[in-house]
file structure.tsv (TSV, N, CA and C atoms)
chain	number	residue	atom	x	y	z
A	1	GLN	N	-7.41	14.49	-13.03
A	1	GLN	CA	-7.07	13.08	-12.86
A	1	GLN	C	-5.82	12.96	-12.00
A	2	VAL	N	-5.86	12.06	-11.05
A	2	VAL	CA	-4.74	11.86	-10.15
A	2	VAL	C	-3.81	10.79	-10.72
A	3	GLN	N	-2.53	11.09	-10.71
A	3	GLN	CA	-1.52	10.12	-11.13
A	3	GLN	C	-0.84	9.55	-9.90
A	4	LEU	N	-0.66	8.24	-9.89
A	4	LEU	CA	0.00	7.57	-8.78
A	4	LEU	C	1.20	6.80	-9.32
A	5	VAL	N	2.33	6.98	-8.67
A	5	VAL	CA	3.54	6.29	-9.08
A	5	VAL	C	4.06	5.49	-7.88
A	6	GLU	N	4.15	4.19	-8.08
A	6	GLU	CA	4.61	3.30	-7.01
A	6	GLU	C	6.06	2.91	-7.23
A	7	SER	N	6.73	2.64	-6.13
A	7	SER	CA	8.11	2.17	-6.20
A	7	SER	C	8.42	1.37	-4.94
A	8	GLY	N	9.56	0.69	-4.98
A	8	GLY	CA	10.03	-0.01	-3.79
A	8	GLY	C	9.90	-1.52	-3.81
A	9	GLY	N	9.21	-2.05	-4.79
A	9	GLY	CA	9.07	-3.50	-4.87
A	9	GLY	C	10.37	-4.15	-5.30
A	10	GLY	N	10.40	-5.48	-5.24
A	10	GLY	CA	11.59	-6.20	-5.66
A	10	GLY	C	11.65	-7.58	-5.07
A	11	LEU	N	12.82	-8.17	-5.16
A	11	LEU	CA	13.07	-9.51	-4.63
A	11	LEU	C	13.79	-9.39	-3.30
A	12	VAL	N	13.30	-10.09	-2.29
A	12	VAL	CA	13.90	-10.05	-0.96
A	12	VAL	C	13.84	-11.44	-0.36
A	13	GLN	N	14.80	-11.74	0.49
A	13	GLN	CA	14.81	-13.04	1.16
A	13	GLN	C	13.83	-13.06	2.32
A	14	PRO	N	13.35	-14.23	2.68
A	14	PRO	CA	12.47	-14.31	3.87
A	14	PRO	C	13.14	-13.69	5.09
A	15	GLY	N	12.35	-12.94	5.82
A	15	GLY	CA	12.87	-12.22	6.98
A	15	GLY	C	13.36	-10.82	6.66
A	16	GLY	N	13.44	-10.51	5.39
A	16	GLY	CA	13.93	-9.19	4.99
A	16	GLY	C	12.86	-8.12	5.03
A	17	SER	N	13.25	-6.92	4.59
A	17	SER	CA	12.35	-5.77	4.63
A	17	SER	C	12.33	-5.06	3.29
A	18	LEU	N	11.21	-4.43	3.02
A	18	LEU	CA	11.06	-3.55	1.87
A	18	LEU	C	10.17	-2.38	2.30
A	19	LYS	N	10.34	-1.27	1.60
A	19	LYS	CA	9.48	-0.11	1.84
A	19	LYS	C	8.88	0.31	0.51
A	20	LEU	N	7.56	0.23	0.41
A	20	LEU	CA	6.86	0.66	-0.78
A	20	LEU	C	6.45	2.12	-0.64
A	21	SER	N	6.46	2.81	-1.76
A	21	SER	CA	6.05	4.21	-1.78
A	21	SER	C	5.09	4.44	-2.93
A	22	CYS	N	4.08	5.24	-2.68
A	22	CYS	CA	3.11	5.62	-3.71
A	22	CYS	C	3.00	7.13	-3.68
A	23	VAL	N	3.54	7.77	-4.72
A	23	VAL	CA	3.55	9.22	-4.81
A	23	VAL	C	2.36	9.68	-5.64
A	24	ALA	N	1.61	10.62	-5.07
A	24	ALA	CA	0.43	11.16	-5.75
A	24	ALA	C	0.77	12.49	-6.43
A	25	SER	N	-0.01	12.83	-7.44
A	25	SER	CA	0.26	14.04	-8.22
A	25	SER	C	-0.34	15.29	-7.58
A	26	ARG	N	-0.95	15.14	-6.41
A	26	ARG	CA	-1.43	16.30	-5.66
A	26	ARG	C	-1.27	15.99	-4.18
A	27	SER	N	-1.61	16.95	-3.36
A	27	SER	CA	-1.40	16.82	-1.92
A	27	SER	C	-2.03	15.55	-1.36
A	28	ILE	N	-1.24	14.85	-0.58
A	28	ILE	CA	-1.73	13.62	0.02
A	28	ILE	C	-2.84	13.91	1.03
A	29	PHE	N	-2.90	15.13	1.50
A	29	PHE	CA	-3.93	15.51	2.48
A	29	PHE	C	-5.30	15.71	1.83
A	30	SER	N	-5.34	15.69	0.51
A	30	SER	CA	-6.61	15.85	-0.17
A	30	SER	C	-7.40	14.55	-0.25
A	31	PHE	N	-6.80	13.47	0.23
A	31	PHE	CA	-7.45	12.17	0.19
A	31	PHE	C	-7.96	11.79	1.58
A	32	SER	N	-9.15	11.25	1.63
A	32	SER	CA	-9.73	10.89	2.92
A	32	SER	C	-9.25	9.53	3.41
A	33	ARG	N	-8.78	8.73	2.49
A	33	ARG	CA	-8.33	7.40	2.87
A	33	ARG	C	-7.23	6.93	1.92
A	34	MET	N	-6.23	6.29	2.48
A	34	MET	CA	-5.11	5.77	1.70
A	34	MET	C	-4.87	4.33	2.11
A	35	GLY	N	-4.50	3.51	1.15
A	35	GLY	CA	-4.31	2.11	1.51
A	35	GLY	C	-3.43	1.37	0.54
A	36	TRP	N	-3.08	0.17	0.94
A	36	TRP	CA	-2.33	-0.76	0.10
A	36	TRP	C	-3.10	-2.07	0.02
A	37	TYR	N	-3.19	-2.59	-1.18
A	37	TYR	CA	-3.81	-3.89	-1.42
A	37	TYR	C	-2.76	-4.77	-2.11
A	38	ARG	N	-3.02	-6.04	-2.12
A	38	ARG	CA	-2.12	-6.94	-2.84
A	38	ARG	C	-2.92	-8.05	-3.51
A	39	GLN	N	-2.32	-8.58	-4.56
A	39	GLN	CA	-2.94	-9.68	-5.28
A	39	GLN	C	-1.88	-10.69	-5.66
A	40	ALA	N	-2.01	-11.88	-5.11
A	40	ALA	CA	-1.10	-12.97	-5.43
A	40	ALA	C	-1.64	-13.74	-6.63
A	41	PRO	N	-0.79	-14.44	-7.35
A	41	PRO	CA	-1.25	-15.20	-8.51
A	41	PRO	C	-2.37	-16.16	-8.15
A	42	GLY	N	-3.45	-16.09	-8.90
A	42	GLY	CA	-4.57	-17.00	-8.68
A	42	GLY	C	-5.46	-16.64	-7.51
A	43	LYS	N	-5.19	-15.50	-6.88
A	43	LYS	CA	-5.99	-15.09	-5.73
A	43	LYS	C	-6.64	-13.74	-5.98
A	44	GLU	N	-7.62	-13.44	-5.15
A	44	GLU	CA	-8.30	-12.15	-5.25
A	44	GLU	C	-7.46	-11.06	-4.58
A	45	ARG	N	-7.69	-9.84	-5.02
A	45	ARG	CA	-7.02	-8.70	-4.39
A	45	ARG	C	-7.54	-8.56	-2.97
A	46	GLU	N	-6.61	-8.28	-2.04
A	46	GLU	CA	-7.00	-8.17	-0.63
A	46	GLU	C	-6.39	-6.92	-0.02
A	47	LEU	N	-7.07	-6.41	0.98
A	47	LEU	CA	-6.57	-5.25	1.71
A	47	LEU	C	-5.37	-5.67	2.56
A	48	VAL	N	-4.33	-4.87	2.52
A	48	VAL	CA	-3.16	-5.08	3.36
A	48	VAL	C	-3.17	-4.10	4.53
A	49	ALA	N	-3.31	-2.84	4.22
A	49	ALA	CA	-3.29	-1.81	5.26
A	49	ALA	C	-4.02	-0.58	4.75
A	50	ARG	N	-4.61	0.16	5.69
A	50	ARG	CA	-5.37	1.34	5.31
A	50	ARG	C	-5.18	2.42	6.38
A	51	LEU	N	-5.13	3.66	5.91
A	51	LEU	CA	-4.94	4.80	6.80
A	51	LEU	C	-5.94	5.88	6.43
A	52	SER	N	-6.69	6.34	7.40
A	52	SER	CA	-7.65	7.40	7.14
A	52	SER	C	-7.07	8.75	7.53
A	53	ASN	N	-7.76	9.81	7.12
A	53	ASN	CA	-7.32	11.16	7.47
A	53	ASN	C	-7.35	11.41	8.96
A	54	THR	N	-8.14	10.65	9.68
A	54	THR	CA	-8.21	10.81	11.13
A	54	THR	C	-7.03	10.14	11.82
A	55	GLY	N	-6.25	9.38	11.04
A	55	GLY	CA	-5.12	8.67	11.61
A	55	GLY	C	-5.41	7.23	11.96
A	56	ALA	N	-6.64	6.81	11.76
A	56	ALA	CA	-7.01	5.43	12.06
A	56	ALA	C	-6.33	4.47	11.08
A	57	GLU	N	-5.76	3.42	11.61
A	57	GLU	CA	-5.07	2.42	10.79
A	57	GLU	C	-5.77	1.07	10.89
A	58	ASN	N	-5.81	0.37	9.76
A	58	ASN	CA	-6.33	-0.98	9.74
A	58	ASN	C	-5.34	-1.88	9.01
A	59	TYR	N	-5.18	-3.08	9.51
A	59	TYR	CA	-4.25	-4.03	8.90
A	59	TYR	C	-4.91	-5.40	8.75
A	60	ALA	N	-4.52	-6.09	7.71
A	60	ALA	CA	-4.91	-7.49	7.60
A	60	ALA	C	-4.25	-8.26	8.74
A	61	ASP	N	-4.95	-9.25	9.24
A	61	ASP	CA	-4.40	-10.03	10.36
A	61	ASP	C	-3.03	-10.63	10.02
A	62	SER	N	-2.86	-10.98	8.77
A	62	SER	CA	-1.64	-11.67	8.36
A	62	SER	C	-0.40	-10.76	8.36
A	63	VAL	N	-0.61	-9.43	8.39
A	63	VAL	CA	0.54	-8.52	8.34
A	63	VAL	C	0.66	-7.64	9.58
A	64	ARG	N	-0.35	-7.70	10.44
A	64	ARG	CA	-0.31	-6.85	11.64
A	64	ARG	C	0.95	-7.15	12.43
A	65	SER	N	1.58	-6.14	12.91
A	65	SER	CA	2.83	-6.15	13.69
A	65	SER	C	4.07	-6.31	12.81
A	66	ARG	N	3.87	-6.61	11.51
A	66	ARG	CA	5.02	-6.69	10.62
A	66	ARG	C	5.06	-5.52	9.63
A	67	PHE	N	3.90	-5.04	9.22
A	67	PHE	CA	3.80	-3.96	8.25
A	67	PHE	C	3.32	-2.68	8.95
A	68	SER	N	3.71	-1.55	8.37
A	68	SER	CA	3.28	-0.27	8.92
A	68	SER	C	3.01	0.70	7.78
A	69	ILE	N	1.82	1.31	7.79
A	69	ILE	CA	1.45	2.28	6.76
A	69	ILE	C	1.62	3.68	7.32
A	70	SER	N	2.09	4.59	6.47
A	70	SER	CA	2.27	5.96	6.93
A	70	SER	C	2.12	6.92	5.77
A	71	ARG	N	1.96	8.17	6.11
A	71	ARG	CA	1.83	9.24	5.11
A	71	ARG	C	3.09	10.08	5.16
A	72	ASN	N	3.66	10.36	4.00
A	72	ASN	CA	4.83	11.22	3.89
A	72	ASN	C	4.40	12.49	3.18
A	73	SER	N	4.11	13.51	3.96
A	73	SER	CA	3.56	14.74	3.39
A	73	SER	C	4.58	15.47	2.52
A	74	ALA	N	5.85	15.33	2.84
A	74	ALA	CA	6.89	16.02	2.06
A	74	ALA	C	6.96	15.48	0.63
A	75	LYS	N	6.61	14.22	0.48
A	75	LYS	CA	6.68	13.59	-0.85
A	75	LYS	C	5.29	13.40	-1.47
A	76	ASN	N	4.25	13.81	-0.75
A	76	ASN	CA	2.87	13.51	-1.19
A	76	ASN	C	2.70	12.02	-1.44
A	77	ALA	N	3.17	11.24	-0.48
A	77	ALA	CA	3.21	9.80	-0.66
A	77	ALA	C	2.58	9.06	0.51
A	78	VAL	N	2.10	7.88	0.21
A	78	VAL	CA	1.71	6.93	1.24
A	78	VAL	C	2.71	5.79	1.14
A	79	GLU	N	3.23	5.36	2.28
A	79	GLU	CA	4.30	4.37	2.29
A	79	GLU	C	3.89	3.14	3.08
A	80	LEU	N	4.49	2.04	2.76
A	80	LEU	CA	4.23	0.79	3.46
A	80	LEU	C	5.57	0.16	3.81
A	81	GLN	N	5.90	0.18	5.08
A	81	GLN	CA	7.10	-0.48	5.57
A	81	GLN	C	6.76	-1.93	5.86
A	82	MET	N	7.49	-2.84	5.22
A	82	MET	CA	7.21	-4.27	5.37
A	82	MET	C	8.44	-4.94	5.96
A	83	ASN	N	8.27	-5.50	7.14
A	83	ASN	CA	9.35	-6.19	7.84
A	83	ASN	C	9.02	-7.67	7.99
A	84	SER	N	10.03	-8.44	8.30
A	84	SER	CA	9.85	-9.88	8.53
A	84	SER	C	9.05	-10.52	7.41
A	85	LEU	N	9.44	-10.23	6.20
A	85	LEU	CA	8.68	-10.71	5.04
A	85	LEU	C	8.72	-12.23	4.93
A	86	ARG	N	7.62	-12.76	4.45
A	86	ARG	CA	7.45	-14.20	4.30
A	86	ARG	C	7.15	-14.54	2.84
A	87	PRO	N	7.41	-15.75	2.43
A	87	PRO	CA	7.08	-16.12	1.04
A	87	PRO	C	5.63	-15.86	0.69
A	88	GLU	N	4.74	-16.01	1.64
A	88	GLU	CA	3.32	-15.78	1.37
A	88	GLU	C	2.97	-14.31	1.19
A	89	ASP	N	3.91	-13.43	1.41
A	89	ASP	CA	3.70	-12.01	1.13
A	89	ASP	C	3.95	-11.69	-0.35
A	90	THR	N	4.43	-12.66	-1.09
A	90	THR	CA	4.69	-12.46	-2.52
A	90	THR	C	3.40	-12.11	-3.25
A	91	ALA	N	3.41	-10.99	-3.94
A	91	ALA	CA	2.20	-10.50	-4.63
A	91	ALA	C	2.53	-9.22	-5.38
A	92	ASP	N	1.58	-8.79	-6.17
A	92	ASP	CA	1.62	-7.43	-6.71
A	92	ASP	C	0.91	-6.53	-5.71
A	93	TYR	N	1.56	-5.43	-5.37
A	93	TYR	CA	1.02	-4.52	-4.38
A	93	TYR	C	0.53	-3.24	-5.06
A	94	TYR	N	-0.67	-2.80	-4.67
A	94	TYR	CA	-1.30	-1.64	-5.30
A	94	TYR	C	-1.66	-0.61	-4.23
A	95	CYS	N	-1.34	0.64	-4.49
A	95	CYS	CA	-1.83	1.67	-3.59
A	95	CYS	C	-3.23	2.11	-4.06
A	96	ASN	N	-3.97	2.58	-3.09
A	96	ASN	CA	-5.37	2.96	-3.32
A	96	ASN	C	-5.66	4.22	-2.54
A	97	LEU	N	-6.13	5.25	-3.22
A	97	LEU	CA	-6.46	6.52	-2.57
A	97	LEU	C	-7.90	6.89	-2.89
A	98	LEU	N	-8.54	7.46	-1.89
A	98	LEU	CA	-9.95	7.81	-2.02
A	98	LEU	C	-10.15	9.27	-1.64
A	99	ASP	N	-10.82	10.01	-2.55
A	99	ASP	CA	-11.26	11.35	-2.16
A	99	ASP	C	-12.77	11.41	-2.28
A	100	GLN	N	-13.34	12.61	-2.17
A	100	GLN	CA	-14.80	12.70	-2.14
A	100	GLN	C	-15.44	12.43	-3.50
A	101	TRP	N	-14.62	12.35	-4.54
A	101	TRP	CA	-15.18	12.13	-5.87
A	101	TRP	C	-14.86	10.74	-6.44
A	102	ASN	N	-13.67	10.27	-6.20
A	102	ASN	CA	-13.23	9.07	-6.89
A	102	ASN	C	-12.33	8.20	-6.03
A	103	GLU	N	-12.09	7.01	-6.57
A	103	GLU	CA	-11.12	6.09	-6.00
A	103	GLU	C	-10.03	5.90	-7.04
A	104	TYR	N	-8.78	5.90	-6.60
A	104	TYR	CA	-7.66	5.85	-7.52
A	104	TYR	C	-6.76	4.67	-7.18
A	105	TRP	N	-6.27	4.01	-8.22
A	105	TRP	CA	-5.38	2.86	-8.03
A	105	TRP	C	-4.04	3.12	-8.71
A	106	GLY	N	-2.98	2.69	-8.06
A	106	GLY	CA	-1.68	2.72	-8.68
A	106	GLY	C	-1.53	1.54	-9.63
A	107	PRO	N	-0.47	1.55	-10.47
A	107	PRO	CA	-0.28	0.49	-11.46
A	107	PRO	C	0.21	-0.82	-10.87
A	108	GLY	N	0.68	-0.78	-9.63
A	108	GLY	CA	1.17	-2.00	-8.98
A	108	GLY	C	2.68	-2.10	-8.99
A	109	THR	N	3.20	-2.71	-7.95
A	109	THR	CA	4.63	-3.00	-7.86
A	109	THR	C	4.78	-4.42	-7.31
A	110	GLN	N	5.68	-5.16	-7.91
A	110	GLN	CA	5.80	-6.57	-7.57
A	110	GLN	C	6.74	-6.78	-6.39
A	111	VAL	N	6.29	-7.62	-5.46
A	111	VAL	CA	7.11	-8.01	-4.32
A	111	VAL	C	7.25	-9.53	-4.35
A	112	THR	N	8.49	-9.99	-4.36
A	112	THR	CA	8.75	-11.42	-4.35
A	112	THR	C	9.63	-11.75	-3.15
A	113	VAL	N	9.15	-12.65	-2.32
A	113	VAL	CA	9.91	-13.08	-1.13
A	113	VAL	C	10.34	-14.52	-1.35
A	114	SER	N	11.62	-14.69	-1.55
A	114	SER	CA	12.12	-16.02	-1.88
A	114	SER	C	13.61	-16.11	-1.56
A	115	SER	N	14.03	-17.30	-1.18
A	115	SER	CA	15.45	-17.52	-0.93
A	115	SER	C	16.12	-18.06	-2.19

call {"tool": "encode", "arguments": {"input": "structure.tsv", "output": "structure tokens"}}
result
Amino acid sequence: QVQLVESGGGLVQPGGSLKLSCVASRSIFSFSRMGWYRQAPGKERELVARLSNTGAENYADSVRSRFSISRNSAKNAVELQMNSLRPEDTADYYCNLLDQWNEYWGPGTQVTVSS
């Protein structure tokens, strides 16, 4: 069973930045796809960013050019750099990893963008 530990969420003012991290209990290279999703109150969970083993990146239109997903092999982590944050980015953020057997979800980390 894979354990995922997320960190980096918090309260930030509009225009600010946060970096989320999701550390896996085994090599990050063992996963074929890594991603971040978010769920705002009263809304469905949505894809924010995704990174495949081939290096292909996908972003939601609402975050493209502001967010960046990357893999940190030294920490066995997938990270999400979030810049120019907006109030509408407020949500619980979840990391998601996929290997050939299963899909794994982190417990979530809360991001609040407010002045």

call {"tool": "select_by_dssp", "arguments": {"input": "structure.tsv", "residues": "chain A", "states": "strand (DSSP E)", "output": "PyMOL selection string"}}
result
chain A and resi 4-7+10-12+18-24+33-39+46-52+57-59+67-72+77-82+91-98+103-105+109-113

call {"tool": "residues_around", "arguments": {"input": "structure.tsv", "residues": "Trp36 in chain A", "least_positions_apart": "5", "cutoff": "8 Å", "atoms": "only N, CA and C atoms", "output": "list in words"}}
result
Glu46, Leu47, Val48, Ala49, Arg50, Leu51, Ile69, Glu79, Leu80, Tyr93, Tyr94, Cys95, Asn96 and Leu97 of chain A

call {"tool": "residues_around", "arguments": {"input": "structure.tsv", "residues": "range 83-87 of chain A", "least_positions_apart": "4", "cutoff": "7 Å", "atoms": "only C-alpha atoms", "output": "tab-separated table (two decimals) with N, CA and C atoms, in the frame of the given file"}}
result
chain	number	residue	atom	x	y	z
A	14	PRO	N	13.35	-14.23	2.68
A	14	PRO	CA	12.47	-14.31	3.87
A	14	PRO	C	13.14	-13.69	5.09
A	15	GLY	N	12.35	-12.94	5.82
A	15	GLY	CA	12.87	-12.22	6.98
A	15	GLY	C	13.36	-10.82	6.66
A	16	GLY	N	13.44	-10.51	5.39
A	16	GLY	CA	13.93	-9.19	4.99
A	16	GLY	C	12.86	-8.12	5.03
A	17	SER	N	13.25	-6.92	4.59
A	17	SER	CA	12.35	-5.77	4.63
A	17	SER	C	12.33	-5.06	3.29
A	18	LEU	N	11.21	-4.43	3.02
A	18	LEU	CA	11.06	-3.55	1.87
A	18	LEU	C	10.17	-2.38	2.30
A	66	ARG	N	3.87	-6.61	11.51
A	66	ARG	CA	5.02	-6.69	10.62
A	66	ARG	C	5.06	-5.52	9.63
A	67	PHE	N	3.90	-5.04	9.22
A	67	PHE	CA	3.80	-3.96	8.25
A	67	PHE	C	3.32	-2.68	8.95
A	113	VAL	N	9.15	-12.65	-2.32
A	113	VAL	CA	9.91	-13.08	-1.13
A	113	VAL	C	10.34	-14.52	-1.35
A	114	SER	N	11.62	-14.69	-1.55
A	114	SER	CA	12.12	-16.02	-1.88
A	114	SER	C	13.61	-16.11	-1.56

call {"tool": "residues_around", "arguments": {"input": "structure.tsv", "residues": "Ser73 in chain A", "least_positions_apart": "4", "cutoff": "8 Å", "atoms": "all atoms listed in the file", "output": "MDAnalysis selection string"}}
result
chainID A and resid 27:29 77:78

call {"tool": "write_last_selection", "arguments": {"input": "structure.tsv", "atoms": "N, CA and C atoms", "output": "CSV table (one decimal), in the frame of the given file"}}
result
chain,number,residue,atom,x,y,z
A,27,SER,N,-1.6,17.0,-3.4
A,27,SER,CA,-1.4,16.8,-1.9
A,27,SER,C,-2.0,15.6,-1.4
A,28,ILE,N,-1.2,14.8,-0.6
A,28,ILE,CA,-1.7,13.6,0.0
A,28,ILE,C,-2.8,13.9,1.0
A,29,PHE,N,-2.9,15.1,1.5
A,29,PHE,CA,-3.9,15.5,2.5
A,29,PHE,C,-5.3,15.7,1.8
A,77,ALA,N,3.2,11.2,-0.5
A,77,ALA,CA,3.2,9.8,-0.7
A,77,ALA,C,2.6,9.1,0.5
A,78,VAL,N,2.1,7.9,0.2
A,78,VAL,CA,1.7,6.9,1.2
A,78,VAL,C,2.7,5.8,1.1

call {"tool": "residues_around", "arguments": {"input": "structure.tsv", "residues": "Phe31 in chain A", "least_positions_apart": "5", "cutoff": "6.5 Å", "atoms": "only N, CA and C atoms", "output": "list of chain:residue names"}}
result
A:Asn53, A:Leu97, A:Leu98, A:Asp99, A:Gln100

call {"tool": "select_by_dssp", "arguments": {"input": "structure.tsv", "residues": "chain A", "states": "helix (DSSP H, G or I)", "output": "ChimeraX atom specification"}}
result
/A:28-30,87-89

call {"tool": "closest_residue", "arguments": {"input": "structure.tsv", "among": "A:Gln110, A:Asn102, A:Ser70, A:Ser115", "to": "Ser32 in chain A", "atoms": "only C-alpha atoms"}}
result
A:Asn102

call {"tool": "atom_distance", "arguments": {"input": "structure.tsv", "atom1": "CA of Ala56 in chain A", "atom2": "CA of Lys43 in chain A"}}
result
27.2 Å

call {"tool": "residues_near_point", "arguments": {"input": "structure.tsv", "point": "(6.7, -1.4, -4.6)", "cutoff": "8 Å", "atoms": "all atoms listed in the file", "output": "PDB file with N, CA and C atoms, keeping the file's coordinate frame"}}
result
ATOM      1  N   GLU A   6       4.150   4.190  -8.080  1.00  0.00           N
ATOM      2  CA  GLU A   6       4.610   3.300  -7.010  1.00  0.00           C
ATOM      3  C   GLU A   6       6.060   2.910  -7.230  1.00  0.00           C
ATOM      4  N   SER A   7       6.730   2.640  -6.130  1.00  0.00           N
ATOM      5  CA  SER A   7       8.110   2.170  -6.200  1.00  0.00           C
ATOM      6  C   SER A   7       8.420   1.370  -4.940  1.00  0.00           C
ATOM      7  N   GLY A   8       9.560   0.690  -4.980  1.00  0.00           N
ATOM      8  CA  GLY A   8      10.030  -0.010  -3.790  1.00  0.00           C
ATOM      9  C   GLY A   8       9.900  -1.520  -3.810  1.00  0.00           C
ATOM     10  N   GLY A   9       9.210  -2.050  -4.790  1.00  0.00           N
ATOM     11  CA  GLY A   9       9.070  -3.500  -4.870  1.00  0.00           C
ATOM     12  C   GLY A   9      10.370  -4.150  -5.300  1.00  0.00           C
ATOM     13  N   GLY A  10      10.400  -5.480  -5.240  1.00  0.00           N
ATOM     14  CA  GLY A  10      11.590  -6.200  -5.660  1.00  0.00           C
ATOM     15  C   GLY A  10      11.650  -7.580  -5.070  1.00  0.00           C
ATOM     16  N   LEU A  18      11.210  -4.430   3.020  1.00  0.00           N
ATOM     17  CA  LEU A  18      11.060  -3.550   1.870  1.00  0.00           C
ATOM     18  C   LEU A  18      10.170  -2.380   2.300  1.00  0.00           C
ATOM     19  N   LYS A  19      10.340  -1.270   1.600  1.00  0.00           N
ATOM     20  CA  LYS A  19       9.480  -0.110   1.840  1.00  0.00           C
ATOM     21  C   LYS A  19       8.880   0.310   0.510  1.00  0.00           C
ATOM     22  N   LEU A  20       7.560   0.230   0.410  1.00  0.00           N
ATOM     23  CA  LEU A  20       6.860   0.660  -0.780  1.00  0.00           C
ATOM     24  C   LEU A  20       6.450   2.120  -0.640  1.00  0.00           C
ATOM     25  N   SER A  21       6.460   2.810  -1.760  1.00  0.00           N
ATOM     26  CA  SER A  21       6.050   4.210  -1.780  1.00  0.00           C
ATOM     27  C   SER A  21       5.090   4.440  -2.930  1.00  0.00           C
ATOM     28  N   CYS A  22       4.080   5.240  -2.680  1.00  0.00           N
ATOM     29  CA  CYS A  22       3.110   5.620  -3.710  1.00  0.00           C
ATOM     30  C   CYS A  22       3.000   7.130  -3.680  1.00  0.00           C
ATOM     31  N   ASP A  92       1.580  -8.790  -6.170  1.00  0.00           N
ATOM     32  CA  ASP A  92       1.620  -7.430  -6.710  1.00  0.00           C
ATOM     33  C   ASP A  92       0.910  -6.530  -5.710  1.00  0.00           C
ATOM     34  N   TYR A  93       1.560  -5.430  -5.370  1.00  0.00           N
ATOM     35  CA  TYR A  93       1.020  -4.520  -4.380  1.00  0.00           C
ATOM     36  C   TYR A  93       0.530  -3.240  -5.060  1.00  0.00           C
ATOM     37  N   TYR A  94      -0.670  -2.800  -4.670  1.00  0.00           N
ATOM     38  CA  TYR A  94      -1.300  -1.640  -5.300  1.00  0.00           C
ATOM     39  C   TYR A  94      -1.660  -0.610  -4.230  1.00  0.00           C
ATOM     40  N   GLY A 108       0.680  -0.780  -9.630  1.00  0.00           N
ATOM     41  CA  GLY A 108       1.170  -2.000  -8.980  1.00  0.00           C
ATOM     42  C   GLY A 108       2.680  -2.100  -8.990  1.00  0.00           C
ATOM     43  N   THR A 109       3.200  -2.710  -7.950  1.00  0.00           N
ATOM     44  CA  THR A 109       4.630  -3.000  -7.860  1.00  0.00           C
ATOM     45  C   THR A 109       4.780  -4.420  -7.310  1.00  0.00           C
ATOM     46  N   GLN A 110       5.680  -5.160  -7.910  1.00  0.00           N
ATOM     47  CA  GLN A 110       5.800  -6.570  -7.570  1.00  0.00           C
ATOM     48  C   GLN A 110       6.740  -6.780  -6.390  1.00  0.00           C
ATOM     49  N   VAL A 111       6.290  -7.620  -5.460  1.00  0.00           N
ATOM     50  CA  VAL A 111       7.110  -8.010  -4.320  1.00  0.00           C
ATOM     51  C   VAL A 111       7.250  -9.530  -4.350  1.00  0.00           C
TER      52      VAL A 111
END

call {"tool": "atom_distance", "arguments": {"input": "structure.tsv", "atom1": "atom N of Pro107 in chain A", "atom2": "CA of Gln39 in chain A"}}
result
12.6 Å

call {"tool": "atom_distance", "arguments": {"input": "structure.tsv", "atom1": "atom N of Val23 in chain A", "atom2": "atom C of Asn76 in chain A"}}
result
5.4 Å
